[in-house]
Amino acid sequence: MNVQDYIEHLKDCVKNIAADAEVCGPGVVQKVEDEFACLKLRLFPPSVELAITQTQDRLAKQIIIDFCNQTYINTNQVQIGNQIHYVAAWQDRLIDSDPDFAHLPKNNDPFAPVLHNNVQNTELQKTLKQQISTGATVLNACRFLAESAFQDIHGHMGGNAADIGKNYAAFTEVLRQIQARFPGLSEHHLLESDDLYNFKLRNDTHHATLFFLKKLPEHRFNPETVPGSDGLKFKQFGELVWTESIDSETGETQVAFEVTADLLFNGLSANDPRSMEQIVQLLPIIGNVLFKTNPSERIRFLVELLQRGFGCNPISSTQFLLSGLESAADGSNFLAAWLYNLSSPSINQSLANRGYGEARLLEWHNNSNAIKNHFTNSDLIIDGLIDRFLSNNAVRDVIEFVPKLSNPYLAYRLLIASKERSAGNQGIPAWLRSNQWSQEVFRMKNQAKQQGNYSTYLALKASEGNRVGHGLKSLKPQRLQNIIRSGKLDCLKFALKHGVNPNTTFISDDVSSPSLGLRVSALHACIECNDLEMARSLLSKGSTQDIAFSFNGRDYDAVNYALELGRTEIVALLLNF
């Protein structure tokens, strides 16, 4: 890298710092540390493996920044600029509470707020950790580095990057600089050609991303590998899917990122146990590829799967699967759950061999978008999984499984099925009959209450009721307040459906609110939390806007309170409901 390049990088760094110069000293210190960490990574590149790790840290920091912007700035809880102190507070909290984040640098910001160990912050921490675990992945870090190489080419060559063949000397120069940072990254990873001379930049960064991944040790990069026909191997790491084969003439490994139905299903025979085993092995890759295809190609893909693998009528099954995949976040688990309901011993054994048991599939459904707020087209699948789960496990084991579920609808459904199975069945242990069922539910309910597991608590309490939809009439008001503070929309909807009064009032315990210590309504609590969808749910179930509380000589009904707190979206909802 020449002197001018160093100067340009330094200028960019200073500009980025200057953009936040109005922030107080500790905030600027954070910005300086972040910018110089990025600068050091570019100017003095470490090993490729260390560069990937440091890039993961950068991604994690950016996720924390975005999280704090969303949590505090977008909800008008803090002034713009002050959220940097919350970034420091959350980063330090993660470092102190979770060994997975111990490698991140401590901030020691004197203005960082104290994050109390209350229900709301516990839920926020779970959300933040989930965002980091899905966003700051090894794959995303490698993709980020690959994209930076392409950006360097565009930055140095400008419009000439469109025709590498005519500007090959300029490309060679920038490639030399890139290789100084990432030894081994070659033309092949960046360019493709129609013939010997017509070179152009690749349309995607897959080859370069795979280059970085292969620089990692096996414990960090261990892709799933499924053998196909004719020596072809299907590989997957995260959402990256590719094939590898050996060139018969050169002996070199050939890599391709276009994985089609013809490649995946080549050689399959309908209802052949070996073909079924092959399909089950390929499920992660099949599910991944399905999400990358356009709708028309997705239909053809499913038809091929059903006809070649199972001899099924593709018409009705394809429509069901298509509608399910629209809401599913993981195609492989959805397909596994559907295959489980075909009730084929050979298929189920293949699924079990690959770790797709009823418990795992129920847990997946519990977290899937398909039942985010209620069951949709997954009813049939879930009923089948619950039936077999009850058939293959002791009832006590089934009940003990309930706390693993965060969706109250699914937990409730499993409890009711267990209760119905145990009623009057002499083959069931005595503790599950009559009042002993109630005792067990009472024990687990207290345990869930102590752990702040609202989903399990609500499902257990609702299962005690004799009439469907009335099991939560006796829910304590303070419990409803905790649910609203936690932001669990599915729990609120479940509670309202099962008998909770939408006009419930309680003594506010929000230390940051002017309503602290005053009796407010559930709708007031939603306004304080700036939760539009929770407010909408309460209103749709009959919550009145007229309940008011007095503070400093003024009465605050729902509209006035929303205006006072600047909740403009909720004000519009209240005025138009």
# chains A, B, ... in the order shown; residues from 1 in each chain; ligands from 1

$ select_by_dssp --residues "stretch 106-284 of chain A" --states "strand (DSSP E or B)" --output "JSON, numbers by chain"
{"A": [191, 192, 193, 199, 200, 201, 224, 225, 226, 227, 233, 234, 235, 236, 237, 240, 241, 242, 243, 244, 245, 246, 253, 254, 255, 256]}

$ residues_around --residues "A:Ile80" --least-positions-apart "6" --cutoff "9 Å" --atoms "only C-alpha atoms" --output "PDB file with C-alpha atoms, in the first residue's frame"
ATOM      1  CA  ASN A  69     -30.768   2.918  18.512  1.00  0.00           C
ATOM      2  CA  TYR A  72     -33.803   3.907  23.046  1.00  0.00           C
ATOM      3  CA  ILE A  73     -33.668   6.409  20.160  1.00  0.00           C
TER       4      ILE A  73
END

$ select_by_dssp --residues "stretch 359-575 of chain A" --states "alpha helix (DSSP H)" --output "JSON, numbers by chain"
{"A": [359, 360, 361, 362, 363, 364, 365, 366, 367, 379, 380, 381, 382, 383, 384, 385, 386, 387, 388, 389, 390, 391, 392, 395, 396, 397, 398, 399, 400, 401, 408, 409, 410, 411, 412, 413, 414, 415, 416, 417, 418, 419, 420, 421, 422, 435, 436, 437, 438, 439, 440, 441, 442, 443, 444, 445, 446, 447, 448, 449, 450, 451, 454, 455, 456, 457, 458, 459, 460, 461, 462, 463, 464, 477, 478, 479, 480, 481, 482, 483, 484, 485, 486, 489, 490, 491, 492, 493, 494, 495, 496, 497, 522, 523, 524, 525, 526, 527, 528, 532, 533, 534, 535, 536, 537, 538, 539, 540, 558, 559, 560, 561, 562, 563, 564, 565, 568, 569, 570, 571, 572, 573, 574, 575]}

$ atom_distance --atom1 "atom CA of A:Gly135" --atom2 "atom CA of A:Ala112"
24.5 Å

$ atom_distance --atom1 "atom CA of A:Thr250" --atom2 "atom CA of A:Val48"
28.2 Å

$ closest_atom_pairs --of "stretch 451-547 of chain A" --to "stretch 414-422 of chain A" --cutoff "10 Å" --atoms "only C-alpha atoms" --output "JSON lines"
{"residue": "A:Ala459", "atom": "CA", "partner": "A:Leu415", "partner_atom": "CA", "distance": 7.6}
{"residue": "A:Leu460", "atom": "CA", "partner": "A:Leu415", "partner_atom": "CA", "distance": 7.4}
{"residue": "A:Ala462", "atom": "CA", "partner": "A:Ile416", "partner_atom": "CA", "distance": 9.5}
{"residue": "A:Ser463", "atom": "CA", "partner": "A:Ile416", "partner_atom": "CA", "distance": 6.4}
{"residue": "A:Glu464", "atom": "CA", "partner": "A:Ile416", "partner_atom": "CA", "distance": 9.4}

$ closest_residue --among "A:Leu290, A:Leu475, A:Val114, A:Leu523" --to "A:Val500" --atoms "only C-alpha atoms"
A:Leu475

$ atom_distance --atom1 "atom CA of A:His219" --atom2 "atom CA of A:Asp100"
15.7 Å

$ residues_around --residues "A:Phe67" --least-positions-apart "3" --cutoff "9 Å" --atoms "only C-alpha atoms" --output "mmCIF file with N, CA, C and O atoms, in the first residue's frame"
data_model
loop_
_atom_site.group_PDB
_atom_site.id
_atom_site.type_symbol
_atom_site.label_atom_id
_atom_site.label_comp_id
_atom_site.auth_asym_id
_atom_site.auth_seq_id
_atom_site.Cartn_x
_atom_site.Cartn_y
_atom_site.Cartn_z
ATOM 1 N N GLN A 62 -21.569 -3.443 15.995
ATOM 2 C CA GLN A 62 -22.560 -2.727 15.191
ATOM 3 C C GLN A 62 -23.976 -3.181 15.536
ATOM 4 O O GLN A 62 -24.917 -2.367 15.560
ATOM 5 N N ILE A 63 -24.132 -4.460 15.845
ATOM 6 C CA ILE A 63 -25.448 -4.966 16.245
ATOM 7 C C ILE A 63 -25.881 -4.332 17.563
ATOM 8 O O ILE A 63 -27.049 -3.968 17.743
ATOM 9 N N ILE A 64 -24.932 -4.183 18.499
ATOM 10 C CA ILE A 64 -25.253 -3.535 19.784
ATOM 11 C C ILE A 64 -25.659 -2.080 19.548
ATOM 12 O O ILE A 64 -26.605 -1.580 20.161
ATOM 13 N N GLN A 70 -32.508 1.271 18.186
ATOM 14 C CA GLN A 70 -33.891 0.799 18.084
ATOM 15 C C GLN A 70 -34.597 0.861 19.433
ATOM 16 O O GLN A 70 -35.764 1.246 19.524
ATOM 17 N N THR A 71 -33.894 0.486 20.492
ATOM 18 C CA THR A 71 -34.508 0.387 21.815
ATOM 19 C C THR A 71 -34.710 1.739 22.471
ATOM 20 O O THR A 71 -35.735 1.970 23.119
ATOM 21 N N TYR A 72 -33.764 2.661 22.282
ATOM 22 C CA TYR A 72 -33.803 3.907 23.046
ATOM 23 C C TYR A 72 -34.067 5.156 22.189
ATOM 24 O O TYR A 72 -34.807 6.040 22.618
ATOM 25 N N VAL A 87 -24.787 1.742 24.624
ATOM 26 C CA VAL A 87 -23.966 0.772 23.885
ATOM 27 C C VAL A 87 -22.869 0.234 24.799
ATOM 28 O O VAL A 87 -22.639 -0.980 24.886
ATOM 29 N N LEU A 128 -30.867 -9.256 22.466
ATOM 30 C CA LEU A 128 -29.576 -8.805 21.946
ATOM 31 C C LEU A 128 -28.653 -9.984 21.660
ATOM 32 O O LEU A 128 -27.992 -10.040 20.613
ATOM 33 N N GLN A 131 -29.718 -11.653 18.495
ATOM 34 C CA GLN A 131 -29.338 -10.874 17.312
ATOM 35 C C GLN A 131 -27.861 -11.038 16.996
ATOM 36 O O GLN A 131 -27.474 -11.152 15.824
#
